[in-house]
Amino acid sequence: MDKLYVAMVGLPGRGKSTLARRIRDGLLAEGIETKIFNNGDVRRQLVGNESTDPDFYDPNNSFGRQARELICRRNLEEAREWMAGGGEVAILDATNVSRERRQYIESTLTDYPVVFIECVNEDQLLLNAFIRRKAELPEYAAFTKEQAIASFMKRIEHYETIYEHLSDEKYWMLVDTSANRILAEQPCESSPYYPAIREIVVSTWVNSLYLARHGQTEFNVQGRIGGDPPLTAKGRAQAKALAEHMRDKQIDWVFTSTRMRSHETAAPLLEDHPTARVMALREFDEIWAGDCENMLYSEIREKMPEVRAGRNADKYGYMYPNGESYAILQNRVRRGLRRALFIARDAPLLIVGHQAINRVLLSLFLRQRTEDVPYIHVPQNQYYHISLTPTRKIFERVPYSGPKAAKNDTSLKDPQIYS
Ligand code: F6P
């Protein structure tokens, strides 16, 4: 019968559990009976707080080793039973970093094929964010934040000493989880679930992303570019209107640029969402206009006509003298989006960006022709709401201030959908 085990592999903080949940949700959406068997959940039930001691993970600590083997065995047994009773895809969510452990899995689960999915992610910023989040879990309640972080890092070090990459296993894929990218694979050709899982792994999955541009600034009024100007009174009113509009919406993460106008726009909303986390990412700083920073468009036209001519001829590819082009911006904005989505995991997030930044962000979802990207309309009183999952494709622009703004958001009832 076409059933499949999926066993996650990788050090802590590499996105295994998020990917496991996505695979589960994606397959369930197709009517495939899928369940996650998480070793961490069993460990917390069986050993409780003892497992916050990093030495529990020391491969030379026989108590810890035996306990972890028992947990693994128990999960394999449960998964096997569940498969015998009608389950179709069982996902084993654990580190499984040693070859020995994986051989044990392969030799125990002989009823159906096992596909190993190894998750890697070398982005230190993401790893730090993950460790900080772990340090806040209830199991670390007795630790200070610093102690919890140190303990978790030690745990990772222990795993590193026994970590071996996949190679001899029968079926596997190696995934860069920060980029949703498969780096290498040994496909399980016979399984109809393999292509379905593969598709989930490589898809950009966005549950709920709100993308707003900062409110009006003094520079916007003057037609001046770049710099770090504050909001005008109108800009502050727009920020308040945004907060008001978002009041009843769940927003767990807010990403800003490092610029004042982005922070000032997010501020009222953060007051209304006190549990939301906020992070400033340089990747979302506005296009760097180099020698033209802080200049008026009219000044550029008069004093540097070659800049205007260059932009008119190829706005996407044109690079400001000592500055950036939209084409260059692509890479850092893509990295910023990856970071934001990875950090927020699948929770609703808001990005407060800038005109050029939001154009590039939108182009990453819209598959726009590059020549049109630098002209995408990015108003300061509307935001984009994007939701792309296997079962939902929403892409809408919602006014939140000004005459078109609905008192109560009707956008979700009558969305503008592009799929
Ligand atoms: O004018 C506001 C602004 O955010 C500038 O800081 C930036 O240089 C510009 O928009 C980007 O838009 P465009 O590429 O159309 O000039």
# chains A, B, ... in the order shown; residues from 1 in each chain; ligands from 1
call {"tool": "closest_atom_pairs", "arguments": {"of": "chain A", "to": "ligand 1", "cutoff": "10 Å", "atoms": "only C-alpha atoms and all ligand atoms", "output": "Markdown table"}}
result
| residue | atom | partner | partner_atom_place_in_ligand_line | distance |
| --- | --- | --- | --- | --- |
| A:Arg213 | CA | ligand 1 | 4 (O) | 9.1 |
| A:His214 | CA | ligand 1 | 4 (O) | 9.0 |
| A:Gln216 | CA | ligand 1 | 2 (C) | 9.2 |
| A:Thr217 | CA | ligand 1 | 2 (C) | 8.7 |
| A:Phe219 | CA | ligand 1 | 1 (O) | 7.2 |
| A:Asn220 | CA | ligand 1 | 1 (O) | 5.6 |
| A:Val221 | CA | ligand 1 | 1 (O) | 9.0 |
| A:Gln222 | CA | ligand 1 | 1 (O) | 9.1 |
| A:Gly223 | CA | ligand 1 | 1 (O) | 6.2 |
| A:Arg224 | CA | ligand 1 | 1 (O) | 6.2 |
| A:Ile225 | CA | ligand 1 | 6 (O) | 3.8 |
| A:Gly226 | CA | ligand 1 | 6 (O) | 3.5 |
| A:Gly227 | CA | ligand 1 | 6 (O) | 6.9 |
| A:Asp228 | CA | ligand 1 | 6 (O) | 8.8 |
| A:Pro229 | CA | ligand 1 | 6 (O) | 9.6 |
| A:Asp285 | CA | ligand 1 | 6 (O) | 9.5 |
| A:Glu286 | CA | ligand 1 | 6 (O) | 6.1 |
| A:Ile287 | CA | ligand 1 | 8 (O) | 5.8 |
| A:Trp288 | CA | ligand 1 | 8 (O) | 6.9 |
| A:Ala289 | CA | ligand 1 | 8 (O) | 6.0 |
| A:Gly290 | CA | ligand 1 | 8 (O) | 9.8 |
| A:Cys292 | CA | ligand 1 | 8 (O) | 8.6 |
| A:Glu293 | CA | ligand 1 | 8 (O) | 7.6 |
| A:Asn294 | CA | ligand 1 | 6 (O) | 8.1 |
| A:Met295 | CA | ligand 1 | 8 (O) | 9.3 |
| A:Leu296 | CA | ligand 1 | 1 (O) | 9.0 |
| A:Tyr297 | CA | ligand 1 | 16 (O) | 8.1 |
| A:Arg308 | CA | ligand 1 | 16 (O) | 9.9 |
| A:Arg311 | CA | ligand 1 | 14 (O) | 8.4 |
| A:Lys315 | CA | ligand 1 | 14 (O) | 7.3 |
| A:Tyr316 | CA | ligand 1 | 14 (O) | 8.5 |
| A:Tyr318 | CA | ligand 1 | 14 (O) | 9.9 |
| A:Tyr320 | CA | ligand 1 | 8 (O) | 9.7 |
| A:Glu324 | CA | ligand 1 | 8 (O) | 9.8 |
| A:Ser325 | CA | ligand 1 | 14 (O) | 8.6 |
| A:Tyr326 | CA | ligand 1 | 14 (O) | 7.7 |
| A:Gly353 | CA | ligand 1 | 4 (O) | 9.1 |
| A:His354 | CA | ligand 1 | 4 (O) | 5.4 |
| A:Gln355 | CA | ligand 1 | 4 (O) | 4.6 |
| A:Ala356 | CA | ligand 1 | 11 (C) | 4.7 |
| A:Ile357 | CA | ligand 1 | 11 (C) | 8.1 |
| A:Asn358 | CA | ligand 1 | 4 (O) | 9.6 |
| A:Arg359 | CA | ligand 1 | 12 (O) | 8.8 |
| A:Val373 | CA | ligand 1 | 14 (O) | 9.5 |
| A:Pro374 | CA | ligand 1 | 14 (O) | 5.8 |
| A:Tyr375 | CA | ligand 1 | 15 (O) | 6.4 |
| A:Ile376 | CA | ligand 1 | 15 (O) | 8.7 |
| A:His377 | CA | ligand 1 | 15 (O) | 9.4 |
| A:Val378 | CA | ligand 1 | 12 (O) | 9.5 |
call {"tool": "select_by_dssp", "arguments": {"residues": "stretch 85-223 of chain A", "states": "strand (DSSP E or B)", "output": "ChimeraX atom specification"}}
result
/A:89-93,114-120,171-176,181-186,206-213,217
call {"tool": "residues_around", "arguments": {"residues": "stretch 236-251 of chain A", "least_positions_apart": "4", "cutoff": "8 Å", "atoms": "only C-alpha atoms", "output": "list in words"}}
result
His214, Gly215, Gln216, Leu231, Thr232, Glu264, Thr265, Ala266, Ala267, Pro268, Leu269, Leu270, Asp272, His273, Ala276, Ala347, Pro348, Leu349, Leu350, Gln380, Asn381, Tyr400, Ser401, Lys407, Asn408 and Asp409 of chain A
call {"tool": "write_last_selection", "arguments": {"atoms": "N, CA and C atoms", "output": "PDB file, in the first residue's frame"}}
result
ATOM      1  N   HIS A 214       5.358  52.791   5.004  1.00  0.00           N
ATOM      2  CA  HIS A 214       5.330  53.793   6.067  1.00  0.00           C
ATOM      3  C   HIS A 214       4.420  54.961   5.666  1.00  0.00           C
ATOM      4  N   GLY A 215       3.973  55.718   6.679  1.00  0.00           N
ATOM      5  CA  GLY A 215       3.118  56.881   6.411  1.00  0.00           C
ATOM      6  C   GLY A 215       3.911  58.022   5.773  1.00  0.00           C
ATOM      7  N   GLN A 216       3.189  59.056   5.449  1.00  0.00           N
ATOM      8  CA  GLN A 216       3.806  60.196   4.740  1.00  0.00           C
ATOM      9  C   GLN A 216       4.927  60.861   5.565  1.00  0.00           C
ATOM     10  N   LEU A 231       7.862  61.072  10.225  1.00  0.00           N
ATOM     11  CA  LEU A 231       6.538  61.202   9.610  1.00  0.00           C
ATOM     12  C   LEU A 231       6.017  62.621   9.774  1.00  0.00           C
ATOM     13  N   THR A 232       5.174  63.050   8.861  1.00  0.00           N
ATOM     14  CA  THR A 232       4.439  64.313   9.030  1.00  0.00           C
ATOM     15  C   THR A 232       3.216  64.018   9.912  1.00  0.00           C
ATOM     16  N   GLU A 264       8.133  54.616  13.219  1.00  0.00           N
ATOM     17  CA  GLU A 264       7.023  55.486  13.651  1.00  0.00           C
ATOM     18  C   GLU A 264       5.674  54.969  13.138  1.00  0.00           C
ATOM     19  N   THR A 265       5.696  54.352  11.968  1.00  0.00           N
ATOM     20  CA  THR A 265       4.444  53.814  11.430  1.00  0.00           C
ATOM     21  C   THR A 265       3.995  52.590  12.225  1.00  0.00           C
ATOM     22  N   ALA A 266       4.960  51.797  12.667  1.00  0.00           N
ATOM     23  CA  ALA A 266       4.608  50.571  13.405  1.00  0.00           C
ATOM     24  C   ALA A 266       4.195  50.872  14.846  1.00  0.00           C
ATOM     25  N   ALA A 267       4.662  52.015  15.391  1.00  0.00           N
ATOM     26  CA  ALA A 267       4.515  52.261  16.833  1.00  0.00           C
ATOM     27  C   ALA A 267       3.074  52.157  17.362  1.00  0.00           C
ATOM     28  N   PRO A 268       2.087  52.867  16.776  1.00  0.00           N
ATOM     29  CA  PRO A 268       0.732  52.772  17.344  1.00  0.00           C
ATOM     30  C   PRO A 268       0.186  51.349  17.288  1.00  0.00           C
ATOM     31  N   LEU A 269       0.524  50.639  16.236  1.00  0.00           N
ATOM     32  CA  LEU A 269       0.042  49.271  16.108  1.00  0.00           C
ATOM     33  C   LEU A 269       0.648  48.374  17.190  1.00  0.00           C
ATOM     34  N   LEU A 270       1.914  48.631  17.500  1.00  0.00           N
ATOM     35  CA  LEU A 270       2.566  47.815  18.537  1.00  0.00           C
ATOM     36  C   LEU A 270       1.952  48.087  19.910  1.00  0.00           C
ATOM     37  N   ASP A 272      -1.129  48.660  20.378  1.00  0.00           N
ATOM     38  CA  ASP A 272      -2.382  47.901  20.375  1.00  0.00           C
ATOM     39  C   ASP A 272      -2.167  46.399  20.425  1.00  0.00           C
ATOM     40  N   HIS A 273      -1.000  45.959  20.025  1.00  0.00           N
ATOM     41  CA  HIS A 273      -0.681  44.519  20.009  1.00  0.00           C
ATOM     42  C   HIS A 273       0.528  44.285  20.913  1.00  0.00           C
ATOM     43  N   ALA A 276       2.873  41.354  20.386  1.00  0.00           N
ATOM     44  CA  ALA A 276       3.553  41.166  19.097  1.00  0.00           C
ATOM     45  C   ALA A 276       5.047  41.440  19.266  1.00  0.00           C
ATOM     46  N   ALA A 347       2.995  32.238  11.873  1.00  0.00           N
ATOM     47  CA  ALA A 347       2.113  33.200  12.552  1.00  0.00           C
ATOM     48  C   ALA A 347       1.911  34.443  11.677  1.00  0.00           C
ATOM     49  N   PRO A 348       0.788  35.154  11.868  1.00  0.00           N
ATOM     50  CA  PRO A 348       0.527  36.355  11.070  1.00  0.00           C
ATOM     51  C   PRO A 348       1.581  37.438  11.321  1.00  0.00           C
ATOM     52  N   LEU A 349       2.043  38.058  10.251  1.00  0.00           N
ATOM     53  CA  LEU A 349       3.099  39.066  10.403  1.00  0.00           C
ATOM     54  C   LEU A 349       2.799  40.298   9.567  1.00  0.00           C
ATOM     55  N   LEU A 350       3.387  41.397   9.996  1.00  0.00           N
ATOM     56  CA  LEU A 350       3.264  42.659   9.267  1.00  0.00           C
ATOM     57  C   LEU A 350       4.670  43.142   8.928  1.00  0.00           C
ATOM     58  N   GLN A 380       0.246  54.966   0.464  1.00  0.00           N
ATOM     59  CA  GLN A 380       0.570  55.044   1.896  1.00  0.00           C
ATOM     60  C   GLN A 380      -0.666  54.910   2.774  1.00  0.00           C
ATOM     61  N   ASN A 381      -1.818  54.662   2.180  1.00  0.00           N
ATOM     62  CA  ASN A 381      -3.018  54.488   3.008  1.00  0.00           C
ATOM     63  C   ASN A 381      -3.694  53.148   2.740  1.00  0.00           C
ATOM     64  N   TYR A 400      -6.879  51.488   4.384  1.00  0.00           N
ATOM     65  CA  TYR A 400      -7.104  51.587   5.830  1.00  0.00           C
ATOM     66  C   TYR A 400      -7.280  53.025   6.297  1.00  0.00           C
ATOM     67  N   SER A 401      -6.988  53.978   5.442  1.00  0.00           N
ATOM     68  CA  SER A 401      -7.294  55.363   5.825  1.00  0.00           C
ATOM     69  C   SER A 401      -7.680  56.128   4.575  1.00  0.00           C
ATOM     70  N   LYS A 407     -15.020  51.171   7.513  1.00  0.00           N
ATOM     71  CA  LYS A 407     -15.000  51.278   8.978  1.00  0.00           C
ATOM     72  C   LYS A 407     -14.650  49.920   9.561  1.00  0.00           C
ATOM     73  N   ASN A 408     -15.462  48.928   9.166  1.00  0.00           N
ATOM     74  CA  ASN A 408     -15.105  47.571   9.545  1.00  0.00           C
ATOM     75  C   ASN A 408     -14.604  46.902   8.282  1.00  0.00           C
ATOM     76  N   ASP A 409     -13.513  46.244   8.415  1.00  0.00           N
ATOM     77  CA  ASP A 409     -12.868  45.680   7.238  1.00  0.00           C
ATOM     78  C   ASP A 409     -13.784  44.685   6.523  1.00  0.00           C
TER      79      ASP A 409
END
call {"tool": "residues_around", "arguments": {"residues": "A:Thr52", "least_positions_apart": "5", "cutoff": "9 Å", "atoms": "only C-alpha atoms", "output": "MDAnalysis selection string"}}
result
chainID A and resid 139:140 148 151:152 155
call {"tool": "residues_around", "arguments": {"residues": "stretch 187-197 of chain A", "least_positions_apart": "6", "cutoff": "7 Å", "atoms": "only C-alpha atoms", "output": "VMD selection string"}}
result
chain A and resid 2 23 171 to 172
call {"tool": "write_last_selection", "arguments": {"atoms": "C-alpha atoms", "output": "mmCIF file, in the first residue's frame"}}
result
data_model
loop_
_atom_site.group_PDB
_atom_site.id
_atom_site.type_symbol
_atom_site.label_atom_id
_atom_site.label_comp_id
_atom_site.auth_asym_id
_atom_site.auth_seq_id
_atom_site.Cartn_x
_atom_site.Cartn_y
_atom_site.Cartn_z
ATOM 1 C CA ASP A 2 1.133 3.575 -0.670
ATOM 2 C CA ILE A 23 3.908 18.822 5.339
ATOM 3 C CA TYR A 171 15.439 7.856 0.338
ATOM 4 C CA TRP A 172 16.112 11.405 1.401
#
call {"tool": "closest_residue", "arguments": {"among": "A:Pro113, A:Gly48, A:Gly85, A:Pro54", "to": "A:Val6", "atoms": "only C-alpha atoms"}}
result
A:Pro113
call {"tool": "select_by_dssp", "arguments": {"residues": "stretch 132-186 of chain A", "states": "alpha helix (DSSP H)", "output": "mmCIF file with all heavy atoms, in the first residue's frame"}}
result
data_model
loop_
_atom_site.group_PDB
_atom_site.id
_atom_site.type_symbol
_atom_site.label_atom_id
_atom_site.label_comp_id
_atom_site.auth_asym_id
_atom_site.auth_seq_id
_atom_site.Cartn_x
_atom_site.Cartn_y
_atom_site.Cartn_z
ATOM 1 N N ARG A 132 16.525 32.242 21.207
ATOM 2 C CA ARG A 132 15.863 33.173 22.130
ATOM 3 C C ARG A 132 14.417 32.722 22.402
ATOM 4 O O ARG A 132 13.944 32.787 23.517
ATOM 5 C CB ARG A 132 15.871 34.594 21.554
ATOM 6 C CG ARG A 132 17.156 35.363 21.880
ATOM 7 C CD ARG A 132 16.943 36.857 21.736
ATOM 8 N NE ARG A 132 16.467 37.202 20.400
ATOM 9 C CZ ARG A 132 17.256 37.366 19.352
ATOM 10 N NH1 ARG A 132 18.552 37.239 19.482
ATOM 11 N NH2 ARG A 132 16.766 37.687 18.175
ATOM 12 N N ARG A 133 13.774 32.240 21.351
ATOM 13 C CA ARG A 133 12.388 31.811 21.529
ATOM 14 C C ARG A 133 12.312 30.570 22.421
ATOM 15 O O ARG A 133 11.482 30.464 23.303
ATOM 16 C CB ARG A 133 11.769 31.526 20.164
ATOM 17 C CG ARG A 133 10.295 31.286 20.222
ATOM 18 C CD ARG A 133 9.655 31.382 18.860
ATOM 19 N NE ARG A 133 10.316 30.521 17.914
ATOM 20 C CZ ARG A 133 10.536 30.839 16.643
ATOM 21 N NH1 ARG A 133 10.184 32.007 16.175
ATOM 22 N NH2 ARG A 133 11.121 29.995 15.828
ATOM 23 N N LYS A 134 13.242 29.637 22.205
ATOM 24 C CA LYS A 134 13.283 28.419 23.026
ATOM 25 C C LYS A 134 13.459 28.781 24.496
ATOM 26 O O LYS A 134 12.872 28.170 25.376
ATOM 27 C CB LYS A 134 14.465 27.546 22.592
ATOM 28 C CG LYS A 134 14.143 26.672 21.425
ATOM 29 C CD LYS A 134 13.390 25.438 21.886
ATOM 30 C CE LYS A 134 12.986 24.584 20.710
ATOM 31 N NZ LYS A 134 12.080 23.496 21.074
ATOM 32 N N LYS A 145 17.071 34.245 31.428
ATOM 33 C CA LYS A 145 17.109 34.146 29.964
ATOM 34 C C LYS A 145 18.513 33.727 29.490
ATOM 35 O O LYS A 145 18.666 32.874 28.622
ATOM 36 C CB LYS A 145 16.711 35.490 29.365
ATOM 37 C CG LYS A 145 16.459 35.383 27.905
ATOM 38 C CD LYS A 145 15.412 36.340 27.433
ATOM 39 C CE LYS A 145 15.091 35.981 25.995
ATOM 40 N NZ LYS A 145 14.488 37.005 25.247
ATOM 41 N N GLU A 146 19.535 34.327 30.127
ATOM 42 C CA GLU A 146 20.918 34.017 29.722
ATOM 43 C C GLU A 146 21.241 32.546 29.986
ATOM 44 O O GLU A 146 21.862 31.872 29.170
ATOM 45 C CB GLU A 146 21.940 34.895 30.467
ATOM 46 C CG GLU A 146 21.967 36.356 30.050
ATOM 47 C CD GLU A 146 20.690 37.096 30.451
ATOM 48 O OE1 GLU A 146 20.149 36.788 31.546
ATOM 49 O OE2 GLU A 146 20.236 37.946 29.669
ATOM 50 N N GLN A 147 20.794 32.069 31.164
ATOM 51 C CA GLN A 147 21.066 30.654 31.492
ATOM 52 C C GLN A 147 20.368 29.732 30.487
ATOM 53 O O GLN A 147 20.947 28.740 30.034
ATOM 54 C CB GLN A 147 20.531 30.326 32.894
ATOM 55 C CG GLN A 147 21.378 30.860 34.026
ATOM 56 C CD GLN A 147 20.633 30.722 35.367
ATOM 57 O OE1 GLN A 147 19.409 30.650 35.422
ATOM 58 N NE2 GLN A 147 21.407 30.683 36.442
ATOM 59 N N ALA A 148 19.131 30.086 30.161
ATOM 60 C CA ALA A 148 18.371 29.243 29.234
ATOM 61 C C ALA A 148 19.060 29.218 27.866
ATOM 62 O O ALA A 148 19.192 28.160 27.249
ATOM 63 C CB ALA A 148 16.944 29.767 29.109
ATOM 64 N N ILE A 149 19.538 30.385 27.417
ATOM 65 C CA ILE A 149 20.208 30.449 26.107
ATOM 66 C C ILE A 149 21.486 29.603 26.135
ATOM 67 O O ILE A 149 21.747 28.801 25.237
ATOM 68 C CB ILE A 149 20.508 31.919 25.720
ATOM 69 C CG1 ILE A 149 19.190 32.611 25.374
ATOM 70 C CG2 ILE A 149 21.495 32.011 24.562
ATOM 71 C CD1 ILE A 149 19.295 34.108 25.111
ATOM 72 N N ALA A 150 22.261 29.758 27.228
ATOM 73 C CA ALA A 150 23.523 29.005 27.340
ATOM 74 C C ALA A 150 23.225 27.502 27.353
ATOM 75 O O ALA A 150 23.921 26.710 26.699
ATOM 76 C CB ALA A 150 24.258 29.419 28.614
ATOM 77 N N SER A 151 22.183 27.129 28.082
ATOM 78 C CA SER A 151 21.831 25.714 28.180
ATOM 79 C C SER A 151 21.436 25.165 26.805
ATOM 80 O O SER A 151 21.859 24.081 26.404
ATOM 81 C CB SER A 151 20.679 25.571 29.177
ATOM 82 O OG SER A 151 20.088 24.321 29.054
ATOM 83 N N PHE A 152 20.667 25.947 26.081
ATOM 84 C CA PHE A 152 20.213 25.468 24.786
ATOM 85 C C PHE A 152 21.367 25.358 23.793
ATOM 86 O O PHE A 152 21.447 24.424 22.988
ATOM 87 C CB PHE A 152 19.106 26.375 24.239
ATOM 88 C CG PHE A 152 18.255 25.641 23.265
ATOM 89 C CD1 PHE A 152 17.273 24.758 23.707
ATOM 90 C CD2 PHE A 152 18.475 25.756 21.915
ATOM 91 C CE1 PHE A 152 16.523 24.024 22.809
ATOM 92 C CE2 PHE A 152 17.731 25.024 21.006
ATOM 93 C CZ PHE A 152 16.750 24.158 21.450
ATOM 94 N N MET A 153 22.291 26.320 23.891
ATOM 95 C CA MET A 153 23.448 26.274 22.980
ATOM 96 C C MET A 153 24.309 25.054 23.273
ATOM 97 O O MET A 153 24.864 24.422 22.383
ATOM 98 C CB MET A 153 24.246 27.564 23.074
ATOM 99 C CG MET A 153 23.497 28.677 22.334
ATOM 100 S SD MET A 153 24.193 30.285 22.561
ATOM 101 C CE MET A 153 25.630 30.191 21.563
ATOM 102 N N LYS A 154 24.411 24.730 24.541
ATOM 103 C CA LYS A 154 25.192 23.549 24.934
ATOM 104 C C LYS A 154 24.525 22.283 24.366
ATOM 105 O O LYS A 154 25.192 21.367 23.894
ATOM 106 C CB LYS A 154 25.254 23.493 26.480
ATOM 107 C CG LYS A 154 26.152 22.453 27.042
ATOM 108 C CD LYS A 154 27.588 22.942 27.079
ATOM 109 C CE LYS A 154 28.501 21.753 27.185
ATOM 110 N NZ LYS A 154 29.711 21.814 26.473
ATOM 111 N N ARG A 155 23.192 22.300 24.423
ATOM 112 C CA ARG A 155 22.458 21.148 23.886
ATOM 113 C C ARG A 155 22.794 20.962 22.401
ATOM 114 O O ARG A 155 23.070 19.864 21.939
ATOM 115 C CB ARG A 155 20.946 21.388 24.051
ATOM 116 C CG ARG A 155 20.134 20.201 23.606
ATOM 117 C CD ARG A 155 18.667 20.513 23.402
ATOM 118 N NE ARG A 155 17.949 20.947 24.581
ATOM 119 C CZ ARG A 155 16.604 20.976 24.663
ATOM 120 N NH1 ARG A 155 15.872 20.591 23.643
ATOM 121 N NH2 ARG A 155 16.006 21.417 25.735
ATOM 122 N N ILE A 156 22.810 22.088 21.672
ATOM 123 C CA ILE A 156 23.122 22.009 20.233
ATOM 124 C C ILE A 156 24.540 21.458 20.037
ATOM 125 O O ILE A 156 24.786 20.612 19.183
ATOM 126 C CB ILE A 156 22.956 23.390 19.564
ATOM 127 C CG1 ILE A 156 21.492 23.814 19.618
ATOM 128 C CG2 ILE A 156 23.451 23.365 18.123
ATOM 129 C CD1 ILE A 156 21.187 25.179 19.029
ATOM 130 N N GLU A 157 25.475 21.939 20.892
ATOM 131 C CA GLU A 157 26.867 21.458 20.765
ATOM 132 C C GLU A 157 26.938 19.937 20.917
ATOM 133 O O GLU A 157 27.679 19.272 20.207
ATOM 134 C CB GLU A 157 27.737 22.084 21.846
ATOM 135 C CG GLU A 157 28.281 23.444 21.448
ATOM 136 C CD GLU A 157 28.948 24.138 22.625
ATOM 137 O OE1 GLU A 157 29.562 23.444 23.463
ATOM 138 O OE2 GLU A 157 28.818 25.373 22.709
ATOM 139 N N HIS A 158 26.176 19.417 21.868
ATOM 140 C CA HIS A 158 26.188 17.959 22.050
ATOM 141 C C HIS A 158 25.719 17.247 20.785
ATOM 142 O O HIS A 158 26.305 16.260 20.365
ATOM 143 C CB HIS A 158 25.302 17.545 23.236
ATOM 144 C CG HIS A 158 25.942 17.809 24.570
ATOM 145 N ND1 HIS A 158 27.242 17.442 24.846
ATOM 146 C CD2 HIS A 158 25.467 18.381 25.695
ATOM 147 C CE1 HIS A 158 27.530 17.790 26.096
ATOM 148 N NE2 HIS A 158 26.469 18.373 26.633
ATOM 149 N N TYR A 159 24.667 17.784 20.191
ATOM 150 C CA TYR A 159 24.164 17.155 18.961
ATOM 151 C C TYR A 159 25.208 17.264 17.848
ATOM 152 O O TYR A 159 25.340 16.360 17.022
ATOM 153 C CB TYR A 159 22.857 17.812 18.512
ATOM 154 C CG TYR A 159 21.637 17.283 19.235
ATOM 155 C CD1 TYR A 159 20.839 18.129 20.000
ATOM 156 C CD2 TYR A 159 21.274 15.948 19.138
ATOM 157 C CE1 TYR A 159 19.714 17.652 20.652
ATOM 158 C CE2 TYR A 159 20.146 15.464 19.788
ATOM 159 C CZ TYR A 159 19.367 16.317 20.545
ATOM 160 O OH TYR A 159 18.251 15.837 21.182
ATOM 161 N N GLU A 160 25.920 18.382 17.831
ATOM 162 C CA GLU A 160 26.913 18.574 16.759
ATOM 163 C C GLU A 160 27.988 17.486 16.790
ATOM 164 O O GLU A 160 28.509 17.101 15.751
ATOM 165 C CB GLU A 160 27.555 19.956 16.885
ATOM 166 C CG GLU A 160 26.742 21.003 16.142
ATOM 167 C CD GLU A 160 27.118 22.445 16.471
ATOM 168 O OE1 GLU A 160 27.808 22.665 17.501
ATOM 169 O OE2 GLU A 160 26.724 23.338 15.733
ATOM 170 N N THR A 161 28.298 16.999 17.994
ATOM 171 C CA THR A 161 29.380 16.003 18.087
ATOM 172 C C THR A 161 28.992 14.675 17.417
ATOM 173 O O THR A 161 29.856 13.892 17.071
ATOM 174 C CB THR A 161 29.774 15.722 19.562
ATOM 175 O OG1 THR A 161 28.617 15.176 20.224
ATOM 176 C CG2 THR A 161 30.251 16.965 20.278
ATOM 177 N N ILE A 162 27.699 14.429 17.260
ATOM 178 C CA ILE A 162 27.310 13.143 16.638
ATOM 179 C C ILE A 162 26.597 13.333 15.290
ATOM 180 O O ILE A 162 26.080 12.397 14.707
ATOM 181 C CB ILE A 162 26.399 12.309 17.583
ATOM 182 C CG1 ILE A 162 25.193 13.143 18.057
ATOM 183 C CG2 ILE A 162 27.178 11.759 18.766
ATOM 184 C CD1 ILE A 162 24.070 12.305 18.638
#
call {"tool": "decode", "arguments": {"residues": "stretch 357-386 of chain A", "atoms": "C-alpha atoms", "output": "PDB file, in the first residue's frame"}}
result
ATOM      1  CA  ILE A 357      11.120  47.613  -0.915  1.00  0.00           C
ATOM      2  CA  ASN A 358       7.414  46.856  -1.102  1.00  0.00           C
ATOM      3  CA  ARG A 359       7.549  46.782  -4.878  1.00  0.00           C
ATOM      4  CA  VAL A 360      10.242  44.153  -4.756  1.00  0.00           C
ATOM      5  CA  LEU A 361       8.457  42.218  -2.030  1.00  0.00           C
ATOM      6  CA  LEU A 362       5.266  42.194  -4.078  1.00  0.00           C
ATOM      7  CA  SER A 363       7.156  41.119  -7.181  1.00  0.00           C
ATOM      8  CA  LEU A 364       8.402  38.053  -5.291  1.00  0.00           C
ATOM      9  CA  PHE A 365       4.797  36.894  -5.063  1.00  0.00           C
ATOM     10  CA  LEU A 366       3.386  38.318  -8.283  1.00  0.00           C
ATOM     11  CA  ARG A 367       5.843  37.095 -10.919  1.00  0.00           C
ATOM     12  CA  GLN A 368       5.697  40.558 -12.466  1.00  0.00           C
ATOM     13  CA  ARG A 369       7.808  41.390 -15.513  1.00  0.00           C
ATOM     14  CA  THR A 370      10.939  43.057 -14.150  1.00  0.00           C
ATOM     15  CA  GLU A 371      10.434  46.252 -16.179  1.00  0.00           C
ATOM     16  CA  ASP A 372       7.111  46.809 -14.375  1.00  0.00           C
ATOM     17  CA  VAL A 373       8.375  46.164 -10.855  1.00  0.00           C
ATOM     18  CA  PRO A 374       9.746  49.699 -10.211  1.00  0.00           C
ATOM     19  CA  TYR A 375       6.348  51.150 -11.055  1.00  0.00           C
ATOM     20  CA  ILE A 376       4.103  49.007  -8.854  1.00  0.00           C
ATOM     21  CA  HIS A 377       1.638  51.240  -7.038  1.00  0.00           C
ATOM     22  CA  VAL A 378       2.445  51.358  -3.315  1.00  0.00           C
ATOM     23  CA  PRO A 379       0.051  53.805  -1.655  1.00  0.00           C
ATOM     24  CA  GLN A 380       0.570  55.044   1.896  1.00  0.00           C
ATOM     25  CA  ASN A 381      -3.018  54.488   3.008  1.00  0.00           C
ATOM     26  CA  GLN A 382      -3.457  50.896   1.880  1.00  0.00           C
ATOM     27  CA  TYR A 383      -1.781  47.639   2.732  1.00  0.00           C
ATOM     28  CA  TYR A 384      -1.493  44.345   0.944  1.00  0.00           C
ATOM     29  CA  HIS A 385      -2.704  41.170   2.554  1.00  0.00           C
ATOM     30  CA  ILE A 386      -1.152  38.017   1.215  1.00  0.00           C
TER      31      ILE A 386
END
